[in-house]
Amino acid sequence: MFPGIVIPTRDAWGRVVALSYRLDVPLEKAKYLWWSSDPSKTFPDGGLKYPEGTCSGTPEHYSNLPLLESASDVLITEGALKGQIIADLAGGPVISIAGVSTFGHDFASFLRERFPRLRSAVVAYDRDILSKKEVAQALERLTRQLEGEMFRVRVRTWPAPSKGYDDYLLATRRGQEVAA
Amino acid sequence: MAAIVTDITSAHYRRRGAADFPASEQARDIADDFADGVEVMHHFCNLAGYPESARTFVFALASAAHGGEKVVVYDAELAEKMDCSERTVQRHRKAYKAAAKQSGVELIEFAEYKFDQKEGKNPPTTYRVLCGAQIGLAVIQARDSKHWHKSDRAKQCAALQWAASMVFKDIPRGDSMPRPEPRPRLATSEIHTCMKVADTKLRRMKKLAGKLPERTRAELLSDTGAESLRKKWEALRAEMDALFEAADSQTVEDGAVDERPDILSGHATVAVSAPAGASGRVAVEEEVRTPTSPEDAAAWNRTFSGLRAPPVRAVTVEVRPPPEPVPFQPPEEFLVEPLRGGGP
């Protein structure tokens with residue numbers, strides 16, 4: 001067991017459906033792990049690791065769900081912990097997808113069906129959307145899919161050097177605390 | 001506490017962000033988009049039942065009008081783009097109008113204006129591609145669907161066809177304004193024209209017959225064809241007499257015409273335009289414009305409401321203050337008696 005913190009992932013009905021695990025020290029570039037007992041995993045000798053297990057998948061995390069039920073706008077970001085911090089700092093409903101491209105092909109249609117009052121989405125990926133082509137392409141896929149379901153989509157940016165939106169909000173709060 | 005952030009519309013972000021990737025990558029993406037867009041456009045035309053000529057017109061304007069934006073062009077400019085004559089452009093447009101009217105689906109909306117007397121020519125026509133948004137939606141839906149295949153183009157085309165049929169019904173209804181029909185000519189003027197044409201043709205026939213050798217001319221005139229032509233003329237003459245309300249279909253020889261020119265010259269003033277109405281004009285006005293239903297208007301607004309918003313806007317996000325620190329209350333079982341007396 002590696003030291004770290006466990007982050008529960010809540011689905012669109014508020015149920016905890018998965019647990020991710022943020023490592024204090026990254027393990028071969030991996031900062032997050034999922035608690036999963038994928039029944040297809042095997043030992044080197046071919047034996048099943050978790051014959052009775054289940055795969056965690058990479059579900060989206062919904063923060064401030066009661067607000068989301070009646071909201072017309074939602075913020076979409078990457079990572080459950082980041083999404084929860086943003087939800088706590090900014091107060092609005094936030095949907096966190098596990099990775100920039102780990103949303104299903106029916107993500108937007110699910111949102112349209114589950115939250116019919118939603119009209120627009122603001123995507124707040126990290127600032128590397130302009131430096132990493134893969135991230136930019138994932139963002140493009142997400143916005144196209146949302147637009148396909150008639151959502152108005154905007155991409156949120158914020159001043160450097162904060163990499164993530166949560167970093168910027170935290171920096172703003174700290175700066176104003178210091179100024180006060 | 002307020003954090004200032006900037007929200008950018010996805011379209012503006014795409015335009016801005018595209019500059020950050022290599023040109024070769026961009027070119028490949030554009031080629032992919034082009035291929036898929038053209039494929040969807042073909043399916044739209046198929047679903048609307050447009051013939052080849054109308055389709056050519058739609059494709060030429062789709063490139064000129066750039067998505068949903070309006071474009072104002074003369075036929076000459078379109079002809080140059082299509083590398084054809086203006087007459088061909090007009091023929092294509094006519095075919096498009098007919099096809100759109102028949103199917104009730106307009107992929108291109110157009111507005112033609114009245115003839116400009118001052119300029120002495122027709123003003124340019126305004127066009128707008130109505131299916132621009134639906135082309136994009138169809139391509140996105142196809143690419144995101146389970147039918148999409150990474151490399152098999154046939155399967156990709158099938159997915160595009162499926163997506164095109166899904167969004168086809170969402171194409172907003174057009175509100176085209178065809179050029180008002182010119183005032184119909186007076187029936188008397190038309191008759192004068194017909195008479196001129198008949199006279200010209202007769203002169204030409206006479207001239208050609210004069211050039212023929214004697215024998216050929218005799219054969220031609222004795223031919224059964226010439227005989228039937230003569231009979232047709234006679235029948236036509238009877239009809240003309242009836243048209244001019246002559247008392248009887250009397251034969252008028254050249255000499256008689258010379259002596260009594262009023263026999264023919266007076267006929268033009270007969271009220272031949274009476275059947276066309278008191279004004280003598282033929283009513284051909286036709287209402288083409290169709291009212292837009294509230295549902296269509298709502299669908300239109302829903303689709304394009306995002307486009308009317310400013311591409312970039314500053315947003316102020318209120319950041320919540322940190323929560324008040326709550327004093328830690330350890331459970332009772334964790335409470336221990338303080339040591340007394342300095343220990344054992």
# chains A, B, ... in the order shown; residues from 1 in each chain; ligands from 1
$ residues_around --residues "region 172-175 of chain A" --least-positions-apart "5" --cutoff "12 Å" --atoms "only C-alpha atoms" --output "short mmCIF file (atom, residue, chain, number, x, y, z; two decimals) with N, CA and C atoms, in the first residue's frame"
data_model
loop_
_atom_site.label_atom_id
_atom_site.label_comp_id
_atom_site.auth_asym_id
_atom_site.auth_seq_id
_atom_site.Cartn_x
_atom_site.Cartn_y
_atom_site.Cartn_z
N ILE A 86 -12.98 23.06 -7.00
CA ILE A 86 -13.62 24.16 -7.73
C ILE A 86 -15.05 24.35 -7.24
N LEU A 89 -14.93 26.11 -3.99
CA LEU A 89 -14.47 27.50 -4.05
C LEU A 89 -15.44 28.40 -4.81
N ALA A 90 -15.96 27.90 -5.92
CA ALA A 90 -16.81 28.75 -6.76
C ALA A 90 -18.29 28.54 -6.48
N TRP A 158 -7.77 31.45 -17.80
CA TRP A 158 -7.46 32.30 -16.64
C TRP A 158 -5.99 32.68 -16.74
N PRO A 159 -5.59 33.69 -16.00
CA PRO A 159 -4.22 34.18 -16.13
C PRO A 159 -3.19 33.14 -15.67
N ALA A 160 -2.03 33.17 -16.33
CA ALA A 160 -0.91 32.34 -15.90
C ALA A 160 -0.42 32.89 -14.55
N PRO A 161 0.30 32.14 -13.74
CA PRO A 161 0.89 30.84 -14.07
C PRO A 161 0.06 29.67 -13.57
N SER A 162 -1.14 29.89 -13.05
CA SER A 162 -1.91 28.78 -12.51
C SER A 162 -2.22 27.78 -13.62
N TYR A 165 -7.69 25.35 -13.05
CA TYR A 165 -8.65 26.36 -12.61
C TYR A 165 -8.72 26.39 -11.09
N ASP A 166 -8.59 25.22 -10.46
CA ASP A 166 -8.61 25.18 -8.99
C ASP A 166 -7.41 25.92 -8.42
N ASP A 167 -6.26 25.78 -9.09
CA ASP A 167 -5.07 26.50 -8.63
C ASP A 167 -5.31 28.00 -8.66
N ALA A 180 -5.78 41.18 2.62
CA ALA A 180 -6.61 41.62 3.74
C ALA A 180 -5.78 41.65 5.03
N MET B 1 -14.71 38.33 -2.60
CA MET B 1 -13.56 37.78 -3.33
C MET B 1 -13.99 37.47 -4.76
N ALA B 2 -13.24 37.95 -5.71
CA ALA B 2 -13.63 37.74 -7.10
C ALA B 2 -12.42 37.32 -7.93
N ALA B 3 -12.63 36.31 -8.74
CA ALA B 3 -11.58 35.86 -9.67
C ALA B 3 -12.05 36.18 -11.08
N ILE B 4 -11.22 36.85 -11.85
CA ILE B 4 -11.59 37.21 -13.21
C ILE B 4 -11.08 36.13 -14.16
N VAL B 5 -12.00 35.54 -14.89
CA VAL B 5 -11.62 34.53 -15.89
C VAL B 5 -12.20 34.97 -17.23
N THR B 316 -16.75 37.14 -13.93
CA THR B 316 -16.28 37.29 -12.55
C THR B 316 -16.83 36.14 -11.73
N VAL B 317 -15.93 35.38 -11.14
CA VAL B 317 -16.33 34.23 -10.33
C VAL B 317 -16.12 34.59 -8.87
N GLU B 318 -17.20 34.51 -8.12
CA GLU B 318 -17.09 34.79 -6.69
C GLU B 318 -16.44 33.59 -6.01
N VAL B 319 -15.34 33.83 -5.34
CA VAL B 319 -14.66 32.75 -4.62
C VAL B 319 -15.11 32.80 -3.17
N ARG B 320 -15.52 31.66 -2.69
CA ARG B 320 -16.04 31.61 -1.32
C ARG B 320 -14.91 31.86 -0.32
N PRO B 321 -15.20 32.54 0.79
CA PRO B 321 -14.18 32.72 1.83
C PRO B 321 -13.92 31.38 2.52
N PRO B 322 -12.77 31.26 3.14
CA PRO B 322 -12.48 29.98 3.83
C PRO B 322 -13.47 29.79 4.99
#
$ interface_residues --of "chain A" --to "chain B" --cutoff "8 Å" --atoms "only C-alpha atoms" --output "list of chain:residue names"
A:Asp88, A:Leu89, A:Ala90, A:Gly91, A:His105, A:Val122, A:Leu130, A:Ser131, A:Lys133, A:Glu140, A:Thr143, A:Arg144, A:Gln145, A:Glu147, A:Gly148, A:Met150, A:Arg152, A:Val153, A:Arg154, A:Val155, A:Arg156, A:Thr157, A:Trp158, A:Pro159, A:Leu169, A:Thr172, A:Arg173, A:Gln176
$ write_last_selection --atoms "N, CA and C atoms" --output "PDB file, in the first residue's frame"
ATOM      1  N   ASP A  88     -16.220  23.670  -4.339  1.00  0.00           N
ATOM      2  CA  ASP A  88     -16.201  24.283  -3.011  1.00  0.00           C
ATOM      3  C   ASP A  88     -15.848  25.766  -3.082  1.00  0.00           C
ATOM      4  N   LEU A  89     -14.930  26.107  -3.987  1.00  0.00           N
ATOM      5  CA  LEU A  89     -14.471  27.500  -4.053  1.00  0.00           C
ATOM      6  C   LEU A  89     -15.438  28.396  -4.814  1.00  0.00           C
ATOM      7  N   ALA A  90     -15.960  27.903  -5.921  1.00  0.00           N
ATOM      8  CA  ALA A  90     -16.812  28.746  -6.761  1.00  0.00           C
ATOM      9  C   ALA A  90     -18.294  28.544  -6.479  1.00  0.00           C
ATOM     10  N   GLY A  91     -18.628  27.397  -5.933  1.00  0.00           N
ATOM     11  CA  GLY A  91     -19.995  27.198  -5.486  1.00  0.00           C
ATOM     12  C   GLY A  91     -20.960  26.615  -6.492  1.00  0.00           C
ATOM     13  N   HIS A 105     -19.067   8.197 -25.599  1.00  0.00           N
ATOM     14  CA  HIS A 105     -19.651   8.842 -26.767  1.00  0.00           C
ATOM     15  C   HIS A 105     -21.066   9.350 -26.494  1.00  0.00           C
ATOM     16  N   VAL A 122     -19.403  25.142 -19.547  1.00  0.00           N
ATOM     17  CA  VAL A 122     -18.111  25.830 -19.615  1.00  0.00           C
ATOM     18  C   VAL A 122     -17.038  24.779 -19.339  1.00  0.00           C
ATOM     19  N   LEU A 130      -3.338  24.416 -24.986  1.00  0.00           N
ATOM     20  CA  LEU A 130      -2.703  25.091 -26.113  1.00  0.00           C
ATOM     21  C   LEU A 130      -1.295  24.570 -26.389  1.00  0.00           C
ATOM     22  N   SER A 131      -0.804  23.697 -25.548  1.00  0.00           N
ATOM     23  CA  SER A 131       0.541  23.177 -25.771  1.00  0.00           C
ATOM     24  C   SER A 131       0.546  21.697 -26.100  1.00  0.00           C
ATOM     25  N   LYS A 133      -1.231  18.700 -28.072  1.00  0.00           N
ATOM     26  CA  LYS A 133      -2.207  18.470 -29.131  1.00  0.00           C
ATOM     27  C   LYS A 133      -3.281  17.467 -28.707  1.00  0.00           C
ATOM     28  N   GLU A 140     -11.645  19.344 -28.208  1.00  0.00           N
ATOM     29  CA  GLU A 140     -12.430  19.524 -29.432  1.00  0.00           C
ATOM     30  C   GLU A 140     -13.547  18.472 -29.505  1.00  0.00           C
ATOM     31  N   THR A 143     -16.256  19.381 -26.921  1.00  0.00           N
ATOM     32  CA  THR A 143     -17.098  20.524 -27.303  1.00  0.00           C
ATOM     33  C   THR A 143     -18.007  20.153 -28.462  1.00  0.00           C
ATOM     34  N   ARG A 144     -17.473  19.397 -29.416  1.00  0.00           N
ATOM     35  CA  ARG A 144     -18.307  18.991 -30.559  1.00  0.00           C
ATOM     36  C   ARG A 144     -19.478  18.131 -30.091  1.00  0.00           C
ATOM     37  N   GLN A 145     -19.159  17.219 -29.167  1.00  0.00           N
ATOM     38  CA  GLN A 145     -20.224  16.334 -28.681  1.00  0.00           C
ATOM     39  C   GLN A 145     -21.286  17.134 -27.940  1.00  0.00           C
ATOM     40  N   GLU A 147     -21.973  20.333 -28.344  1.00  0.00           N
ATOM     41  CA  GLU A 147     -22.686  21.145 -29.322  1.00  0.00           C
ATOM     42  C   GLU A 147     -23.686  20.302 -30.099  1.00  0.00           C
ATOM     43  N   GLY A 148     -23.318  19.031 -30.277  1.00  0.00           N
ATOM     44  CA  GLY A 148     -24.233  18.122 -30.969  1.00  0.00           C
ATOM     45  C   GLY A 148     -25.540  17.936 -30.217  1.00  0.00           C
ATOM     46  N   MET A 150     -26.858  20.405 -28.609  1.00  0.00           N
ATOM     47  CA  MET A 150     -27.393  21.778 -28.546  1.00  0.00           C
ATOM     48  C   MET A 150     -27.021  22.516 -27.264  1.00  0.00           C
ATOM     49  N   ARG A 152     -24.697  25.238 -25.411  1.00  0.00           N
ATOM     50  CA  ARG A 152     -23.761  26.318 -25.729  1.00  0.00           C
ATOM     51  C   ARG A 152     -22.480  26.031 -24.970  1.00  0.00           C
ATOM     52  N   VAL A 153     -21.385  26.034 -25.664  1.00  0.00           N
ATOM     53  CA  VAL A 153     -20.128  25.622 -25.046  1.00  0.00           C
ATOM     54  C   VAL A 153     -19.149  26.787 -25.046  1.00  0.00           C
ATOM     55  N   ARG A 154     -18.492  26.991 -23.930  1.00  0.00           N
ATOM     56  CA  ARG A 154     -17.423  27.982 -23.839  1.00  0.00           C
ATOM     57  C   ARG A 154     -16.217  27.329 -23.198  1.00  0.00           C
ATOM     58  N   VAL A 155     -15.076  27.845 -23.553  1.00  0.00           N
ATOM     59  CA  VAL A 155     -13.826  27.340 -22.987  1.00  0.00           C
ATOM     60  C   VAL A 155     -13.302  28.416 -22.039  1.00  0.00           C
ATOM     61  N   ARG A 156     -13.034  28.021 -20.815  1.00  0.00           N
ATOM     62  CA  ARG A 156     -12.619  29.012 -19.803  1.00  0.00           C
ATOM     63  C   ARG A 156     -11.089  29.063 -19.732  1.00  0.00           C
ATOM     64  N   THR A 157     -10.583  30.268 -19.698  1.00  0.00           N
ATOM     65  CA  THR A 157      -9.143  30.477 -19.495  1.00  0.00           C
ATOM     66  C   THR A 157      -8.942  31.444 -18.337  1.00  0.00           C
ATOM     67  N   TRP A 158      -7.766  31.451 -17.800  1.00  0.00           N
ATOM     68  CA  TRP A 158      -7.463  32.296 -16.639  1.00  0.00           C
ATOM     69  C   TRP A 158      -5.987  32.684 -16.738  1.00  0.00           C
ATOM     70  N   PRO A 159      -5.593  33.689 -15.997  1.00  0.00           N
ATOM     71  CA  PRO A 159      -4.217  34.175 -16.131  1.00  0.00           C
ATOM     72  C   PRO A 159      -3.193  33.142 -15.667  1.00  0.00           C
ATOM     73  N   LEU A 169      -8.190  29.625  -8.585  1.00  0.00           N
ATOM     74  CA  LEU A 169      -9.154  30.061  -7.572  1.00  0.00           C
ATOM     75  C   LEU A 169      -8.503  30.076  -6.183  1.00  0.00           C
ATOM     76  N   THR A 172      -6.199  33.014  -5.982  1.00  0.00           N
ATOM     77  CA  THR A 172      -6.968  34.251  -5.809  1.00  0.00           C
ATOM     78  C   THR A 172      -7.381  34.424  -4.359  1.00  0.00           C
ATOM     79  N   ARG A 173      -7.860  33.331  -3.790  1.00  0.00           N
ATOM     80  CA  ARG A 173      -8.312  33.438  -2.407  1.00  0.00           C
ATOM     81  C   ARG A 173      -7.142  33.717  -1.460  1.00  0.00           C
ATOM     82  N   GLN A 176      -5.991  37.338  -1.829  1.00  0.00           N
ATOM     83  CA  GLN A 176      -6.884  38.303  -1.204  1.00  0.00           C
ATOM     84  C   GLN A 176      -6.842  38.188   0.311  1.00  0.00           C
TER      85      GLN A 176
END
$ select_by_dssp --residues "region 79-189 of chain B" --states "strand (DSSP E or B)" --output "PyMOL selection string"
chain B and resi 108-111+116+121+125-129+177
$ residues_around --residues "Glu112 (chain B)" --least-positions-apart "4" --cutoff "12 Å" --atoms "only C-alpha atoms" --output "MDAnalysis selection string"
chainID B and resid 72:75 93 116 122:127 175:181
$ atom_distance --atom1 "CA of Cys55 (chain A)" --atom2 "CA of Tyr32 (chain A)"
15.8 Å
$ select_by_dssp --residues "region 14-121 of chain A" --states "alpha helix (DSSP H)" --output "VMD selection string"
chain A and resid 65 to 70 80 to 90 107 to 114
$ write_last_selection --atoms "N, CA and C atoms" --output "PDB file, in the first residue's frame"
ATOM      1  N   LEU A  65     -24.394  18.361  -6.612  1.00  0.00           N
ATOM      2  CA  LEU A  65     -25.467  17.760  -7.406  1.00  0.00           C
ATOM      3  C   LEU A  65     -26.831  18.434  -7.219  1.00  0.00           C
ATOM      4  N   PRO A  66     -27.202  18.801  -5.953  1.00  0.00           N
ATOM      5  CA  PRO A  66     -28.523  19.466  -5.806  1.00  0.00           C
ATOM      6  C   PRO A  66     -28.641  20.718  -6.666  1.00  0.00           C
ATOM      7  N   LEU A  67     -27.543  21.463  -6.837  1.00  0.00           N
ATOM      8  CA  LEU A  67     -27.578  22.658  -7.689  1.00  0.00           C
ATOM      9  C   LEU A  67     -27.709  22.272  -9.159  1.00  0.00           C
ATOM     10  N   LEU A  68     -27.065  21.186  -9.507  1.00  0.00           N
ATOM     11  CA  LEU A  68     -27.056  20.764 -10.905  1.00  0.00           C
ATOM     12  C   LEU A  68     -28.459  20.389 -11.399  1.00  0.00           C
ATOM     13  N   GLU A  69     -29.281  19.921 -10.470  1.00  0.00           N
ATOM     14  CA  GLU A  69     -30.625  19.502 -10.859  1.00  0.00           C
ATOM     15  C   GLU A  69     -31.418  20.647 -11.494  1.00  0.00           C
ATOM     16  N   SER A  70     -31.156  21.873 -11.009  1.00  0.00           N
ATOM     17  CA  SER A  70     -31.960  23.003 -11.500  1.00  0.00           C
ATOM     18  C   SER A  70     -31.121  24.030 -12.252  1.00  0.00           C
ATOM     19  N   ALA A  80     -11.504  14.372 -10.349  1.00  0.00           N
ATOM     20  CA  ALA A  80     -12.538  14.510  -9.317  1.00  0.00           C
ATOM     21  C   ALA A  80     -12.103  15.462  -8.204  1.00  0.00           C
ATOM     22  N   LEU A  81     -10.843  15.362  -7.789  1.00  0.00           N
ATOM     23  CA  LEU A  81     -10.369  16.211  -6.700  1.00  0.00           C
ATOM     24  C   LEU A  81     -10.416  17.678  -7.105  1.00  0.00           C
ATOM     25  N   LYS A  82      -9.948  17.942  -8.317  1.00  0.00           N
ATOM     26  CA  LYS A  82      -9.955  19.314  -8.837  1.00  0.00           C
ATOM     27  C   LYS A  82     -11.388  19.830  -8.925  1.00  0.00           C
ATOM     28  N   GLY A  83     -12.278  18.980  -9.423  1.00  0.00           N
ATOM     29  CA  GLY A  83     -13.670  19.382  -9.563  1.00  0.00           C
ATOM     30  C   GLY A  83     -14.305  19.698  -8.225  1.00  0.00           C
ATOM     31  N   GLN A  84     -13.968  18.887  -7.227  1.00  0.00           N
ATOM     32  CA  GLN A  84     -14.542  19.123  -5.900  1.00  0.00           C
ATOM     33  C   GLN A  84     -14.005  20.422  -5.302  1.00  0.00           C
ATOM     34  N   ILE A  85     -12.722  20.698  -5.526  1.00  0.00           N
ATOM     35  CA  ILE A  85     -12.143  21.951  -5.012  1.00  0.00           C
ATOM     36  C   ILE A  85     -12.807  23.148  -5.690  1.00  0.00           C
ATOM     37  N   ILE A  86     -12.982  23.059  -7.003  1.00  0.00           N
ATOM     38  CA  ILE A  86     -13.624  24.159  -7.734  1.00  0.00           C
ATOM     39  C   ILE A  86     -15.053  24.348  -7.239  1.00  0.00           C
ATOM     40  N   ALA A  87     -15.751  23.235  -7.032  1.00  0.00           N
ATOM     41  CA  ALA A  87     -17.137  23.322  -6.554  1.00  0.00           C
ATOM     42  C   ALA A  87     -17.191  23.993  -5.185  1.00  0.00           C
ATOM     43  N   ASP A  88     -16.220  23.670  -4.339  1.00  0.00           N
ATOM     44  CA  ASP A  88     -16.201  24.283  -3.011  1.00  0.00           C
ATOM     45  C   ASP A  88     -15.848  25.766  -3.082  1.00  0.00           C
ATOM     46  N   LEU A  89     -14.930  26.107  -3.987  1.00  0.00           N
ATOM     47  CA  LEU A  89     -14.471  27.500  -4.053  1.00  0.00           C
ATOM     48  C   LEU A  89     -15.438  28.396  -4.814  1.00  0.00           C
ATOM     49  N   ALA A  90     -15.960  27.903  -5.921  1.00  0.00           N
ATOM     50  CA  ALA A  90     -16.812  28.746  -6.761  1.00  0.00           C
ATOM     51  C   ALA A  90     -18.294  28.544  -6.479  1.00  0.00           C
ATOM     52  N   PHE A 107     -21.868  10.851 -23.523  1.00  0.00           N
ATOM     53  CA  PHE A 107     -21.780  11.730 -22.353  1.00  0.00           C
ATOM     54  C   PHE A 107     -22.751  12.907 -22.479  1.00  0.00           C
ATOM     55  N   ALA A 108     -22.711  13.584 -23.608  1.00  0.00           N
ATOM     56  CA  ALA A 108     -23.557  14.775 -23.798  1.00  0.00           C
ATOM     57  C   ALA A 108     -25.038  14.398 -23.838  1.00  0.00           C
ATOM     58  N   SER A 109     -25.336  13.305 -24.510  1.00  0.00           N
ATOM     59  CA  SER A 109     -26.750  12.911 -24.582  1.00  0.00           C
ATOM     60  C   SER A 109     -27.258  12.498 -23.208  1.00  0.00           C
ATOM     61  N   PHE A 110     -26.367  11.896 -22.402  1.00  0.00           N
ATOM     62  CA  PHE A 110     -26.767  11.553 -21.036  1.00  0.00           C
ATOM     63  C   PHE A 110     -27.077  12.821 -20.232  1.00  0.00           C
ATOM     64  N   LEU A 111     -26.204  13.829 -20.378  1.00  0.00           N
ATOM     65  CA  LEU A 111     -26.445  15.093 -19.672  1.00  0.00           C
ATOM     66  C   LEU A 111     -27.779  15.699 -20.103  1.00  0.00           C
ATOM     67  N   ARG A 112     -28.026  15.692 -21.399  1.00  0.00           N
ATOM     68  CA  ARG A 112     -29.259  16.270 -21.919  1.00  0.00           C
ATOM     69  C   ARG A 112     -30.479  15.565 -21.340  1.00  0.00           C
ATOM     70  N   GLU A 113     -30.360  14.246 -21.187  1.00  0.00           N
ATOM     71  CA  GLU A 113     -31.488  13.468 -20.697  1.00  0.00           C
ATOM     72  C   GLU A 113     -31.643  13.583 -19.180  1.00  0.00           C
ATOM     73  N   ARG A 114     -30.506  13.508 -18.486  1.00  0.00           N
ATOM     74  CA  ARG A 114     -30.568  13.500 -17.015  1.00  0.00           C
ATOM     75  C   ARG A 114     -30.830  14.895 -16.447  1.00  0.00           C
TER      76      ARG A 114
END
$ closest_residue --among "B:Met195, B:Glu86, B:Arg183, B:Ile135" --to "Lys114 (chain B)" --atoms "only C-alpha atoms"
B:Arg183
$ atom_distance --atom1 "CA of Asp36 (chain B)" --atom2 "CA of Cys157 (chain B)"
7.9 Å
